[in-house]
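Q: The structure file input.cif (mmCIF, C-alpha atoms and all ligand atoms) is provided below.
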data_query
loop_
_atom_site.label_atom_id
_atom_site.label_comp_id
_atom_site.auth_asym_id
_atom_site.auth_seq_id
_atom_site.Cartn_x
_atom_site.Cartn_y
_atom_site.Cartn_z
CA MET A 1 15.78 -15.09 -8.05
CA LYS A 2 14.45 -15.27 -4.51
CA GLN A 3 12.81 -12.22 -2.93
CA GLY A 4 15.94 -10.90 -1.18
CA THR A 5 18.03 -11.17 -4.36
CA LYS A 6 15.27 -9.38 -6.30
CA CYS A 7 15.44 -6.51 -3.80
CA LEU A 8 19.02 -5.96 -4.97
CA HIS A 9 19.11 -7.05 -8.60
CA GLU A 10 15.75 -6.45 -10.28
CA GLY A 11 15.18 -3.33 -12.41
CA TYR A 12 18.70 -2.16 -13.20
CA LYS A 13 22.05 -3.64 -14.08
CA GLY A 14 24.86 -1.39 -15.33
CA LYS A 15 26.41 -2.66 -18.55
CA ASN A 16 30.12 -2.50 -19.45
CA GLY A 17 31.46 0.85 -18.19
CA GLU A 18 28.08 2.09 -16.91
CA ALA A 19 27.19 3.16 -13.36
CA HIS A 20 26.92 0.35 -10.85
CA ALA A 21 24.30 2.20 -8.77
CA LEU A 22 20.96 3.13 -10.34
CA PRO A 23 21.57 6.46 -12.16
CA ILE A 24 19.25 9.40 -11.47
CA TYR A 25 17.87 10.63 -14.80
CA GLN A 26 17.23 14.17 -13.65
CA SER A 27 15.65 15.16 -16.94
CA THR A 28 12.11 16.05 -17.93
CA THR A 29 12.59 14.91 -21.50
CA PHE A 30 14.68 12.75 -23.83
CA ASN A 31 16.34 13.36 -27.21
CA TYR A 32 15.36 11.66 -30.48
CA ASP A 33 16.75 11.92 -34.00
CA SER A 34 13.44 12.00 -35.88
CA SER A 35 9.83 13.10 -35.44
CA GLU A 36 8.86 9.74 -36.85
CA HIS A 37 10.51 8.01 -33.87
CA ILE A 38 8.67 10.29 -31.42
CA GLY A 39 5.41 9.51 -33.26
CA LYS A 40 5.97 5.79 -32.69
CA LEU A 41 6.45 6.39 -28.97
CA PHE A 42 3.09 8.18 -28.81
CA ASP A 43 1.45 5.36 -30.77
CA LEU A 44 2.91 2.87 -28.26
CA THR A 45 4.30 0.91 -31.20
CA GLU A 46 7.79 1.48 -29.84
CA SER A 47 8.81 1.78 -26.20
CA GLY A 48 10.99 4.56 -24.88
CA PHE A 49 10.94 7.61 -22.66
CA PHE A 50 9.76 11.00 -23.85
CA TYR A 51 8.43 12.95 -20.92
CA THR A 52 8.98 12.30 -17.19
CA ARG A 53 5.33 12.89 -16.24
CA LEU A 54 4.60 9.57 -18.01
CA ALA A 55 7.82 7.60 -17.52
CA ASN A 56 11.45 8.07 -16.57
CA PRO A 57 14.33 5.53 -16.62
CA THR A 58 15.08 5.84 -12.87
CA VAL A 59 11.41 5.47 -11.94
CA ASP A 60 11.03 2.66 -14.48
CA ALA A 61 13.79 0.61 -12.83
CA VAL A 62 12.04 0.86 -9.46
CA GLU A 63 8.71 -0.06 -11.06
CA GLN A 64 10.25 -3.21 -12.52
CA LYS A 65 11.66 -4.13 -9.11
CA ILE A 66 8.34 -3.68 -7.29
CA ALA A 67 6.45 -5.61 -10.01
CA ALA A 68 8.94 -8.48 -9.65
CA LEU A 69 8.68 -8.48 -5.86
CA GLU A 70 4.86 -8.66 -6.01
CA GLY A 71 4.79 -11.17 -8.87
CA GLY A 72 2.87 -8.75 -11.12
CA ILE A 73 3.23 -8.05 -14.83
CA GLY A 74 3.68 -4.31 -14.43
CA CYS A 75 3.88 -1.48 -11.94
CA MET A 76 3.36 2.27 -11.94
CA CYS A 77 4.88 4.40 -9.22
CA THR A 78 3.01 7.49 -8.07
CA SER A 79 3.78 10.58 -6.01
CA SER A 80 2.20 9.14 -2.82
CA GLY A 81 0.27 6.20 -1.42
CA GLN A 82 -2.88 8.33 -1.57
CA SER A 83 -2.41 8.96 -5.29
CA ALA A 84 -1.75 5.23 -5.83
CA ASN A 85 -5.07 4.21 -4.28
CA PHE A 86 -6.89 7.09 -5.98
CA THR A 87 -5.51 6.14 -9.40
CA ALA A 88 -6.06 2.42 -8.82
CA ILE A 89 -9.77 3.05 -8.27
CA MET A 90 -10.27 5.84 -10.84
CA ASN A 91 -8.81 3.52 -13.47
CA ILE A 92 -11.88 1.30 -13.03
CA ALA A 93 -14.70 3.44 -11.64
CA LYS A 94 -16.37 6.64 -12.76
CA THR A 95 -19.31 8.82 -11.68
CA GLY A 96 -22.33 6.60 -11.04
CA ASP A 97 -20.25 3.57 -10.08
CA HIS A 98 -19.93 1.85 -6.73
CA ILE A 99 -17.09 0.29 -4.70
CA VAL A 100 -17.17 -2.20 -1.82
CA SER A 101 -14.44 -1.59 0.79
CA ILE A 102 -13.48 -3.34 4.00
CA SER A 103 -14.11 -0.81 6.79
CA THR A 104 -10.85 -1.30 8.72
CA ILE A 105 -8.53 0.72 6.48
CA TYR A 106 -6.08 3.61 6.77
CA GLY A 107 -7.76 6.88 7.82
CA GLY A 108 -6.53 8.72 4.72
CA THR A 109 -7.95 6.05 2.44
CA PHE A 110 -11.21 6.04 4.40
CA ASN A 111 -11.53 9.78 3.70
CA LEU A 112 -10.57 9.34 0.06
CA LEU A 113 -13.35 6.78 -0.37
CA ALA A 114 -16.02 8.18 1.92
CA VAL A 115 -15.59 11.89 1.13
CA THR A 116 -13.64 12.69 -2.02
CA LEU A 117 -14.74 9.78 -4.24
CA ASN A 118 -18.26 10.33 -2.94
CA LYS A 119 -18.09 13.97 -4.11
CA MET A 120 -17.02 12.67 -7.52
CA GLY A 121 -20.13 10.51 -7.66
CA ILE A 122 -18.54 7.18 -6.76
CA GLU A 123 -20.47 5.55 -3.94
CA VAL A 124 -18.68 3.30 -1.42
CA THR A 125 -20.22 0.67 0.84
CA PHE A 126 -18.06 -0.34 3.81
CA VAL A 127 -18.23 -3.92 5.03
CA ASP A 128 -16.86 -5.69 8.09
CA GLY A 129 -13.89 -7.81 7.03
CA LYS A 130 -15.00 -10.54 9.43
CA ALA A 131 -18.60 -10.66 8.19
CA ALA A 132 -20.05 -13.84 6.66
CA ASP A 133 -20.03 -14.22 2.86
CA GLU A 134 -23.82 -13.72 2.58
CA GLU A 135 -23.56 -10.47 4.54
CA ILE A 136 -20.75 -9.16 2.31
CA GLN A 137 -22.63 -10.21 -0.82
CA LYS A 138 -25.50 -7.86 0.15
CA ALA A 139 -23.17 -4.88 -0.33
CA PHE A 140 -22.80 -5.55 -4.08
CA LYS A 141 -24.86 -3.65 -6.67
CA PRO A 142 -25.09 -3.95 -10.45
CA ASN A 143 -22.75 -0.91 -10.73
CA THR A 144 -20.12 -2.24 -8.30
CA LYS A 145 -16.68 -2.06 -9.94
CA ALA A 146 -14.15 -3.20 -7.33
CA VAL A 147 -13.49 -4.49 -3.82
CA PHE A 148 -10.84 -2.77 -1.69
CA GLY A 149 -8.96 -3.90 1.45
CA GLU A 150 -5.56 -3.80 3.21
CA THR A 151 -3.46 -6.94 3.88
CA ILE A 152 -2.72 -5.66 7.40
CA ALA A 153 -5.05 -2.78 8.20
CA ASN A 154 -3.47 0.47 9.40
CA PRO A 155 -3.92 1.08 12.34
CA ALA A 156 -6.41 -1.63 13.38
CA ILE A 157 -3.79 -4.35 12.62
CA ALA A 158 -6.54 -6.63 11.25
CA VAL A 159 -5.38 -9.25 8.73
CA LEU A 160 -7.43 -9.50 5.53
CA ASP A 161 -8.79 -12.87 4.43
CA ILE A 162 -7.57 -12.26 0.88
CA GLU A 163 -8.86 -15.52 -0.64
CA LYS A 164 -12.34 -14.97 0.79
CA PHE A 165 -12.59 -11.46 -0.66
CA ALA A 166 -11.01 -12.46 -3.99
CA LYS A 167 -13.63 -15.18 -4.35
CA ILE A 168 -16.54 -12.83 -3.58
CA ALA A 169 -15.16 -10.11 -5.88
CA HIS A 170 -14.67 -12.54 -8.77
CA LYS A 171 -18.10 -14.07 -8.28
CA ASN A 172 -19.44 -10.55 -8.85
CA GLY A 173 -17.20 -9.97 -11.88
CA VAL A 174 -15.01 -7.29 -10.28
CA PRO A 175 -11.34 -7.11 -9.27
CA LEU A 176 -9.93 -7.16 -5.74
CA ILE A 177 -7.56 -4.30 -4.95
CA VAL A 178 -5.28 -4.95 -1.97
CA ASP A 179 -3.16 -2.28 -0.28
CA ASN A 180 -0.10 -4.29 0.78
CA THR A 181 1.76 -1.44 2.50
CA PHE A 182 2.21 -2.97 5.96
CA ALA A 183 2.90 -6.56 4.91
CA THR A 184 5.21 -5.71 1.99
CA PRO A 185 5.94 -8.49 -0.53
CA MET A 186 8.41 -9.87 2.02
CA LEU A 187 5.56 -11.18 4.17
CA CYS A 188 2.75 -11.56 1.63
CA LYS A 189 2.21 -11.48 -2.12
CA PRO A 190 -1.56 -10.86 -2.38
CA ILE A 191 -1.59 -11.82 -6.10
CA GLU A 192 -0.84 -15.43 -5.08
CA TYR A 193 -4.11 -15.45 -3.14
CA GLY A 194 -6.25 -13.96 -5.92
CA ALA A 195 -5.78 -10.19 -5.60
CA ASP A 196 -5.91 -8.53 -9.03
CA ILE A 197 -4.30 -5.20 -8.20
CA VAL A 198 -1.87 -4.43 -5.39
CA THR A 199 -1.16 -0.93 -4.13
CA HIS A 200 1.47 0.51 -1.80
CA SER A 201 2.34 3.55 0.16
CA THR A 202 6.07 3.13 -0.53
CA THR A 203 6.51 5.86 2.11
CA LYS A 204 6.38 3.12 4.74
CA TYR A 205 8.62 -0.01 4.77
CA MET A 206 9.70 0.14 1.12
CA ASP A 207 11.46 3.47 1.70
CA GLY A 208 11.76 2.57 5.36
CA HIS A 209 13.92 5.54 6.42
CA ALA A 210 11.27 8.29 6.53
CA VAL A 211 12.77 10.17 3.60
CA VAL A 212 10.37 9.97 0.62
CA VAL A 213 6.61 9.97 0.18
CA GLY A 214 5.56 7.70 -2.68
CA GLY A 215 3.16 5.05 -3.92
CA ALA A 216 2.91 2.14 -6.34
CA ILE A 217 0.24 0.19 -8.23
CA VAL A 218 0.97 -3.37 -9.37
CA ASP A 219 -1.10 -5.17 -12.01
CA SER A 220 -1.38 -8.96 -11.72
CA GLY A 221 -2.43 -9.17 -15.36
CA ASN A 222 -4.98 -11.79 -14.31
CA PHE A 223 -8.28 -9.93 -14.37
CA ASP A 224 -10.58 -10.34 -17.40
CA TRP A 225 -11.62 -6.79 -18.33
CA THR A 226 -13.76 -8.07 -21.23
CA ASN A 227 -16.52 -9.51 -19.01
CA GLY A 228 -18.92 -6.71 -19.99
CA LYS A 229 -18.60 -4.61 -16.83
CA PHE A 230 -15.68 -2.47 -18.00
CA PRO A 231 -16.48 -0.77 -21.34
CA GLU A 232 -13.58 1.68 -20.87
CA PHE A 233 -11.27 -1.28 -21.43
CA THR A 234 -13.02 -2.76 -24.44
CA GLN A 235 -14.09 0.39 -26.31
CA ALA A 236 -11.77 2.74 -28.16
CA ASP A 237 -10.20 5.48 -26.02
CA GLU A 238 -10.79 8.56 -28.19
CA SER A 239 -8.42 10.54 -25.96
CA TYR A 240 -5.68 8.12 -26.98
CA HIS A 241 -6.44 7.96 -30.73
CA GLY A 242 -8.66 4.92 -30.57
CA LEU A 243 -6.57 2.59 -28.39
CA VAL A 244 -8.58 -0.41 -27.10
CA TYR A 245 -6.79 -1.39 -23.89
CA SER A 246 -8.01 -4.98 -23.60
CA LYS A 247 -7.10 -5.71 -27.23
CA ASP A 248 -4.03 -3.57 -27.87
CA CYS A 249 -2.33 -4.03 -24.47
CA GLY A 250 -3.29 -7.62 -23.70
CA LYS A 251 -2.53 -8.63 -20.12
CA ALA A 252 -1.13 -5.17 -19.38
CA ALA A 253 -4.45 -3.42 -20.14
CA TYR A 254 -5.01 -2.08 -16.63
CA ILE A 255 -1.54 -0.73 -15.91
CA THR A 256 -1.15 0.74 -19.42
CA LYS A 257 -4.48 2.56 -19.10
CA ALA A 258 -3.46 3.88 -15.66
CA ARG A 259 -0.33 5.38 -17.18
CA VAL A 260 -1.34 6.67 -20.61
CA GLN A 261 -4.74 7.96 -19.48
CA LEU A 262 -4.60 8.86 -15.76
CA MET A 263 -0.92 9.63 -15.23
CA ARG A 264 -1.08 11.68 -18.42
CA ASP A 265 -4.13 13.64 -17.24
CA LEU A 266 -3.58 13.86 -13.48
CA GLY A 267 0.23 14.03 -13.32
CA LEU A 268 0.66 12.24 -9.97
CA THR A 269 4.30 11.63 -10.90
CA PRO A 270 7.13 10.56 -8.57
CA SER A 271 10.42 12.41 -9.03
CA PRO A 272 13.53 10.56 -10.32
CA GLN A 273 15.39 11.70 -7.18
CA ASN A 274 12.72 10.12 -4.96
CA ALA A 275 12.73 6.94 -7.04
CA PHE A 276 16.48 6.68 -6.46
CA LEU A 277 16.00 6.96 -2.68
CA LEU A 278 13.13 4.47 -2.76
CA ASN A 279 15.39 2.05 -4.61
CA MET A 280 17.99 2.34 -1.84
CA GLY A 281 15.30 1.45 0.67
CA LEU A 282 14.15 -1.52 -1.40
CA GLU A 283 17.71 -2.90 -1.49
CA THR A 284 17.53 -3.73 2.24
CA LEU A 285 13.78 -4.38 2.59
CA HIS A 286 14.27 -8.14 3.06
CA LEU A 287 16.74 -7.65 5.92
CA ARG A 288 14.83 -4.88 7.64
CA MET A 289 11.53 -6.76 7.63
CA ILE A 290 13.07 -9.71 9.48
CA ARG A 291 14.27 -7.42 12.26
CA HIS A 292 11.02 -5.38 12.36
CA CYS A 293 9.03 -8.61 12.79
CA GLU A 294 11.35 -10.02 15.48
CA ASN A 295 11.39 -6.80 17.48
CA ALA A 296 7.63 -6.17 17.21
CA ARG A 297 6.87 -9.71 18.36
CA ALA A 298 9.07 -9.22 21.44
CA VAL A 299 7.47 -5.84 22.20
CA ALA A 300 3.95 -7.28 21.79
CA GLU A 301 4.74 -10.07 24.23
CA PHE A 302 6.31 -7.59 26.70
CA LEU A 303 3.29 -5.25 26.56
CA GLU A 304 0.82 -8.10 26.90
CA SER A 305 2.54 -9.19 30.12
CA SER A 306 2.23 -5.70 31.71
CA ASP A 307 -0.64 -5.04 34.14
CA LYS A 308 -0.80 -1.39 32.94
CA ILE A 309 -1.97 -2.48 29.50
CA GLU A 310 -5.59 -3.32 28.72
CA LYS A 311 -5.16 -4.91 25.32
CA VAL A 312 -2.49 -5.53 22.67
CA SER A 313 -3.33 -6.08 18.98
CA TYR A 314 -0.64 -7.96 17.10
CA PRO A 315 -1.42 -10.92 14.88
CA THR A 316 1.29 -13.30 16.13
CA LEU A 317 -0.13 -13.21 19.69
CA LYS A 318 -2.12 -16.30 20.62
CA SER A 319 -4.78 -13.89 21.95
CA SER A 320 -5.25 -12.35 18.47
CA GLU A 321 -8.38 -13.28 16.54
CA ASP A 322 -6.21 -13.00 13.41
CA PHE A 323 -3.62 -15.56 14.55
CA GLY A 324 -4.84 -18.10 11.96
CA LEU A 325 -4.95 -15.53 9.13
CA CYS A 326 -1.43 -14.42 10.09
CA GLU A 327 -0.19 -18.01 9.82
CA LYS A 328 -1.93 -18.43 6.46
CA TYR A 329 -1.12 -15.15 4.71
CA LEU A 330 1.93 -13.71 6.48
CA GLY A 331 3.99 -16.81 7.19
CA GLY A 332 3.38 -16.30 10.91
CA GLN A 333 5.07 -12.85 10.85
CA GLY A 334 3.24 -9.74 12.04
CA SER A 335 5.26 -6.89 10.44
CA GLY A 336 6.48 -4.03 12.63
CA VAL A 337 3.36 -2.17 13.72
CA LEU A 338 1.20 -3.03 16.69
CA SER A 339 -1.46 -1.23 18.63
CA PHE A 340 -2.34 -1.31 22.30
CA VAL A 341 -4.59 0.35 24.83
CA VAL A 342 -3.14 1.68 28.09
CA LYS A 343 -5.44 1.32 31.12
CA GLY A 344 -6.91 4.70 32.04
CA GLY A 345 -7.88 5.97 28.57
CA ARG A 346 -6.98 9.02 26.55
CA GLU A 347 -5.05 11.10 29.14
CA VAL A 348 -2.97 8.23 30.50
CA ALA A 349 -2.11 7.28 26.91
CA ALA A 350 -0.85 10.82 26.24
CA LYS A 351 1.18 10.84 29.46
CA PHE A 352 2.80 7.55 28.51
CA ILE A 353 3.79 8.80 25.05
CA ASP A 354 5.25 12.02 26.46
CA SER A 355 7.44 10.11 28.93
CA LEU A 356 9.29 8.12 26.25
CA ASN A 357 12.88 9.00 25.34
CA LEU A 358 14.13 6.71 22.58
CA THR A 359 10.75 6.37 20.88
CA SER A 360 9.83 9.27 18.58
CA ASN A 361 6.39 10.88 18.80
CA VAL A 362 5.68 11.44 15.10
CA VAL A 363 2.94 11.14 12.47
CA HIS A 364 4.55 8.29 10.61
CA VAL A 365 5.02 4.54 10.85
CA SER A 366 7.08 1.74 9.36
CA CYS A 367 10.48 3.30 9.67
CA VAL A 368 13.86 2.00 10.89
CA LYS A 369 13.45 3.99 14.13
CA THR A 370 10.79 3.17 16.72
CA MET A 371 7.83 5.57 16.49
CA ILE A 372 4.64 6.05 18.43
CA LEU A 373 1.36 7.79 17.65
CA HIS A 374 -2.09 8.37 19.10
CA PRO A 375 -4.46 7.95 16.09
CA ALA A 376 -7.54 9.51 17.71
CA SER A 377 -5.71 12.83 18.19
CA SER A 378 -3.76 12.79 14.90
CA THR A 379 -4.29 10.68 11.76
CA HIS A 380 -7.89 9.83 12.63
CA ARG A 381 -8.72 13.17 14.24
CA GLN A 382 -11.24 14.11 11.53
CA LEU A 383 -13.34 10.98 12.09
CA SER A 384 -16.38 10.93 14.36
CA ASP A 385 -16.47 8.47 17.30
CA ARG A 386 -18.75 6.22 15.27
CA GLN A 387 -16.40 6.29 12.25
CA LEU A 388 -13.47 5.58 14.62
CA VAL A 389 -15.19 2.43 15.83
CA GLU A 390 -15.91 1.42 12.21
CA CYS A 391 -12.20 1.82 11.42
CA GLY A 392 -11.33 -0.37 14.41
CA VAL A 393 -9.76 2.50 16.37
CA ASP A 394 -10.28 2.87 20.13
CA ALA A 395 -10.08 6.51 21.38
CA GLY A 396 -7.36 5.46 23.87
CA MET A 397 -5.47 3.31 21.40
CA ILE A 398 -1.75 3.84 20.80
CA ARG A 399 -0.03 2.77 17.61
CA LEU A 400 3.57 1.68 17.98
CA SER A 401 5.84 1.18 14.99
CA VAL A 402 8.74 -0.93 16.19
CA GLY A 403 12.10 -0.08 14.61
CA ILE A 404 15.27 -2.07 14.09
CA GLU A 405 17.17 -0.82 17.18
CA ASP A 406 18.47 -3.34 19.73
CA ILE A 407 15.40 -4.85 21.33
CA GLU A 408 16.75 -4.33 24.89
CA ASP A 409 16.77 -0.55 24.34
CA ILE A 410 13.26 -0.46 22.87
CA ILE A 411 11.80 -2.44 25.75
CA ALA A 412 13.76 -0.45 28.38
CA ASP A 413 12.24 2.78 27.04
CA LEU A 414 8.68 1.41 27.10
CA LYS A 415 9.26 -0.05 30.55
CA GLN A 416 10.40 3.23 32.14
CA GLY A 417 7.38 4.94 30.52
CA LEU A 418 4.96 2.40 32.00
CA GLU A 419 6.61 2.68 35.41
CA LYS A 420 5.78 6.42 35.49
CA LEU A 421 2.04 5.76 35.15
C1 LIG A 501 0.30 5.73 4.73
C2 LIG A 501 -0.66 4.87 4.04
C3 LIG A 501 -1.33 5.31 2.89
C4 LIG A 501 -1.14 6.68 2.32
O1 LIG A 501 0.15 6.80 1.80
P1 LIG A 501 0.95 8.18 1.68
O2 LIG A 501 2.23 7.73 1.08
O3 LIG A 501 1.06 8.77 3.03
O4 LIG A 501 0.16 9.05 0.75
C5 LIG A 501 -2.20 4.43 2.27
N1 LIG A 501 -2.42 3.19 2.76
C6 LIG A 501 -1.79 2.75 3.88
C7 LIG A 501 -2.07 1.38 4.37
C8 LIG A 501 -0.90 3.57 4.55
O5 LIG A 501 -0.29 3.12 5.66
#
Just dump the structure as structure tokens.
Ligand SMILES: *Cc1c(COP(=O)(O)O)cnc(C)c1O

A:
Amino acid sequence: MKQGTKCLHEGYKGKNGEAHALPIYQSTTFNYDSSEHIGKLFDLTESGFFYTRLANPTVDAVEQKIAALEGGIGCMCTSSGQSANFTAIMNIAKTGDHIVSISTIYGGTFNLLAVTLNKMGIEVTFVDGKAADEEIQKAFKPNTKAVFGETIANPAIAVLDIEKFAKIAHKNGVPLIVDNTFATPMLCKPIEYGADIVTHSTTKYMDGHAVVVGGAIVDSGNFDWTNGKFPEFTQADESYHGLVYSKDCGKAAYITKARVQLMRDLGLTPSPQNAFLLNMGLETLHLRMIRHCENARAVAEFLESSDKIEKVSYPTLKSSEDFGLCEKYLGGQGSGVLSFVVKGGREVAAKFIDSLNLTSNVVHVSCVKTMILHPASSTHRQLSDRQLVECGVDAGMIRLSVGIEDIEDIIADLKQGLEKL
């Protein structure tokens, strides 16, 4: 199946007389005839559902669909994008370990890494995604356990050189984790370029309608956990009666461990109801992404031609330093989010946003409706000016998430706003 067909057909198919649409299994638990059968489920010698914190048929169908779209061997959905990135890292690193992360990442993830993981004793070194290999290599330590980056950074709109970072990570014996939220598997499948683990905030394009918060972790099945750096994968897990993930779960070691150890203990579970809504979003992801890309490209070109605008960041623009990376990794498409700086700084930016009619002023992106946000006064508010610069955020920068409305209406709204400045 091609990607668009997978959006519709992967994960669930009703058999003779069964529901055509994905059923919502609104149940915490599942019936079995014998204790022996339940014992086998716990031993992982038989597969089946027993408790929704760990797995649920509705959620499972969506996980299969996302794994297929990303070309991975397994997926685990989580309650949010934050919990996906948290779990993806905690599955590999523990107190005393170290992570290398590209500095231009989502503000929430920056906090997770720089503050919360730090409190838990996991140290993070941030590197410039554009730095030379030798410079990036200096960030690695003997206790480094992973490299983290975003395909298209939110909100800096920087495109990650996935192959370059995969190569450096593998040279150091650690996996590359890529947050593919903004690109979605419609524009880029990071596993094809060497990423080992792919994460998502499904809250964004995958849902696409601003209705459910959620996350996902996809395992490529390609990373060798037996290279000596990851004893938790090669030694018996006493909390799971002696399971050795690398031996007993084969290629699915990482994603199985994430579920039976971390989902079991942390309970960052998505609800079946939310999984159903996410699945509805996924069914049209391929169509929506085409329109988001077309509209955002037109808006980027319109803004760049205005004398009221200082700078537009969008990777399909010839002026973008990421133009080449966009051609290579995103098929020349830039997704739906762009950022720009209005001449006159912070106050003029606020005035512009307040004068818009069609465009919603919200703390969200990647939705069917056009949305606008000022990161420095909202999502990135907690960061110092220095941290803002490190994240690639200008204090006067505006982030625009272009929806799938008629392009004439989107541009007319922006145009009347600019004319008032
Ligand atoms: C929104 C976002 C997150 C966090 O996801 P939530 O679903 O809001 O928890 C993580 N990474 C990126 C790139 C995001 O855009």

Q: Taking all atoms listed in the file into account, which residues have an atom no farther than 9 Å from ligand LIG 501 (chain A)? I'd like them as a ChimeraX atom specification.

A: /A:79-85,105-109,150-155,179-182,199-204,212-215,364-366

Q: Just give me the gap between CA of Phe140 (chain A) and CA of Lys247 (chain A) in Å, one decimal is fine.

A: 28.0 Å

Q: Take the point (5.2, -5.7, -9.2) as written in the file and pick out every residue within 9 Å of it, counting only C-alpha atoms; give the list as a count of residues only.

A: 20

Q: Determine the nearest neighbour of Met280 (chain A) from the options A:Thr58, A:Gln26, A:Gln261, A:Thr370, counting all atoms listed in the file.

A: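 So, comparing all the options, the nearest one is A:Thr58.
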
Q: With only C-alpha atoms as the atoms that count, which of A:Asn222, A:Thr45, A:Asn361, A:Ser335 lies nearest to Ala166 (chain A)?

A: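 For Ala166 (chain A), the nearest of the candidates is A:Asn222.
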
Q: For Cys326 (chain A), find every residue with an atom within 12 Å (counting only C-alpha atoms), except residues of its own chain fewer than 3 positions away, and show them as number ranges by chain.

A: A: 151-152, 157-162, 183, 187-188, 314-318, 320-323, 329-335

Q: Hey, what's within 8 Å of Ala300 (chain A) if we count only C-alpha atoms and toss same-chain stuff fewer than 2 positions away? As a PyMOL selection string, please?

A: chain A and resi 296-298+302-304+312-314+317+338

Q: Using only C-alpha atoms, which residues sit within 10 Å of Ala258 (chain A) once same-chain residues fewer than 5 positions away are excluded, as a PyMOL selection string?

A: chain A and resi 75-76+87-92+217+253+263-265

Q: Quick one: residues within 6 Å of Thr269 (chain A), only C-alpha atoms counted, chain neighbours fewer than 2 positions away excluded, as an NGL selection string?

A: :A and (53 or 78-79 or 267)

Q: Go through A:Pro375, A:Gly11, A:Pro57, A:Gly194 and flag the residue nearest Pro23 (chain A), using only C-alpha atoms for the distances.

A: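 Distance minimum relative to Pro23 (chain A) lands on A:Pro57.
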
Q: Have a look at A:Gly4, A:Pro270, A:Gly336, A:Gly48 and name the one nearest to Thr29 (chain A); count all atoms listed in the file.

A: A:Gly48

Q: So that I can see what lies close to Asn172 (chain A), please list as a tab-separated table (two decimals) with C-alpha atoms, keeping the file's coordinate frame the residues with an atom at most 12 Å from it, counting all atoms listed in the file and leaving out residues fewer than 5 positions away in the same chain.

A:
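For reference, out.tsv as written:
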chain	number	residue	atom	x	y	z
A	99	ILE	CA	-17.09	0.29	-4.70
A	100	VAL	CA	-17.17	-2.20	-1.82
A	136	ILE	CA	-20.75	-9.16	2.31
A	137	GLN	CA	-22.63	-10.21	-0.82
A	138	LYS	CA	-25.50	-7.86	0.15
A	139	ALA	CA	-23.17	-4.88	-0.33
A	140	PHE	CA	-22.80	-5.55	-4.08
A	141	LYS	CA	-24.86	-3.65	-6.67
A	142	PRO	CA	-25.09	-3.95	-10.45
A	143	ASN	CA	-22.75	-0.91	-10.73
A	144	THR	CA	-20.12	-2.24	-8.30
A	145	LYS	CA	-16.68	-2.06	-9.94
A	146	ALA	CA	-14.15	-3.20	-7.33
A	147	VAL	CA	-13.49	-4.49	-3.82
A	165	PHE	CA	-12.59	-11.46	-0.66
A	166	ALA	CA	-11.01	-12.46	-3.99
A	167	LYS	CA	-13.63	-15.18	-4.35
A	227	ASN	CA	-16.52	-9.51	-19.01
A	228	GLY	CA	-18.92	-6.71	-19.99
A	229	LYS	CA	-18.60	-4.61	-16.83

Q: How would region 222-229 of chain A look written as a PDB file, in the first residue's frame with N, CA, C and O atoms?

A:
ATOM      1  N   ASN A 222      15.870  -1.285  14.131  1.00  0.00           N
ATOM      2  CA  ASN A 222      17.204  -1.391  13.522  1.00  0.00           C
ATOM      3  C   ASN A 222      18.374  -1.263  14.493  1.00  0.00           C
ATOM      4  O   ASN A 222      19.486  -1.653  14.167  1.00  0.00           O
ATOM      5  N   PHE A 223      18.132  -0.680  15.669  1.00  0.00           N
ATOM      6  CA  PHE A 223      19.281  -0.402  16.533  1.00  0.00           C
ATOM      7  C   PHE A 223      19.749  -1.666  17.263  1.00  0.00           C
ATOM      8  O   PHE A 223      18.945  -2.471  17.725  1.00  0.00           O
ATOM      9  N   ASP A 224      21.084  -1.814  17.383  1.00  0.00           N
ATOM     10  CA  ASP A 224      21.663  -2.969  18.076  1.00  0.00           C
ATOM     11  C   ASP A 224      21.867  -2.624  19.547  1.00  0.00           C
ATOM     12  O   ASP A 224      22.823  -1.950  19.920  1.00  0.00           O
ATOM     13  N   TRP A 225      20.948  -3.111  20.385  1.00  0.00           N
ATOM     14  CA  TRP A 225      21.002  -2.792  21.824  1.00  0.00           C
ATOM     15  C   TRP A 225      22.025  -3.648  22.561  1.00  0.00           C
ATOM     16  O   TRP A 225      22.204  -3.482  23.766  1.00  0.00           O
ATOM     17  N   THR A 226      22.687  -4.576  21.850  1.00  0.00           N
ATOM     18  CA  THR A 226      23.626  -5.484  22.519  1.00  0.00           C
ATOM     19  C   THR A 226      25.072  -4.996  22.389  1.00  0.00           C
ATOM     20  O   THR A 226      26.008  -5.763  22.593  1.00  0.00           O
ATOM     21  N   ASN A 227      25.267  -3.711  22.028  1.00  0.00           N
ATOM     22  CA  ASN A 227      26.632  -3.227  21.792  1.00  0.00           C
ATOM     23  C   ASN A 227      27.400  -2.902  23.075  1.00  0.00           C
ATOM     24  O   ASN A 227      28.492  -2.348  23.020  1.00  0.00           O
ATOM     25  N   GLY A 228      26.807  -3.213  24.231  1.00  0.00           N
ATOM     26  CA  GLY A 228      27.515  -3.032  25.492  1.00  0.00           C
ATOM     27  C   GLY A 228      27.146  -1.761  26.246  1.00  0.00           C
ATOM     28  O   GLY A 228      27.450  -1.614  27.425  1.00  0.00           O
ATOM     29  N   LYS A 229      26.454  -0.843  25.555  1.00  0.00           N
ATOM     30  CA  LYS A 229      26.109   0.429  26.201  1.00  0.00           C
ATOM     31  C   LYS A 229      24.755   0.390  26.906  1.00  0.00           C
ATOM     32  O   LYS A 229      24.388   1.337  27.599  1.00  0.00           O
TER      33      LYS A 229
END
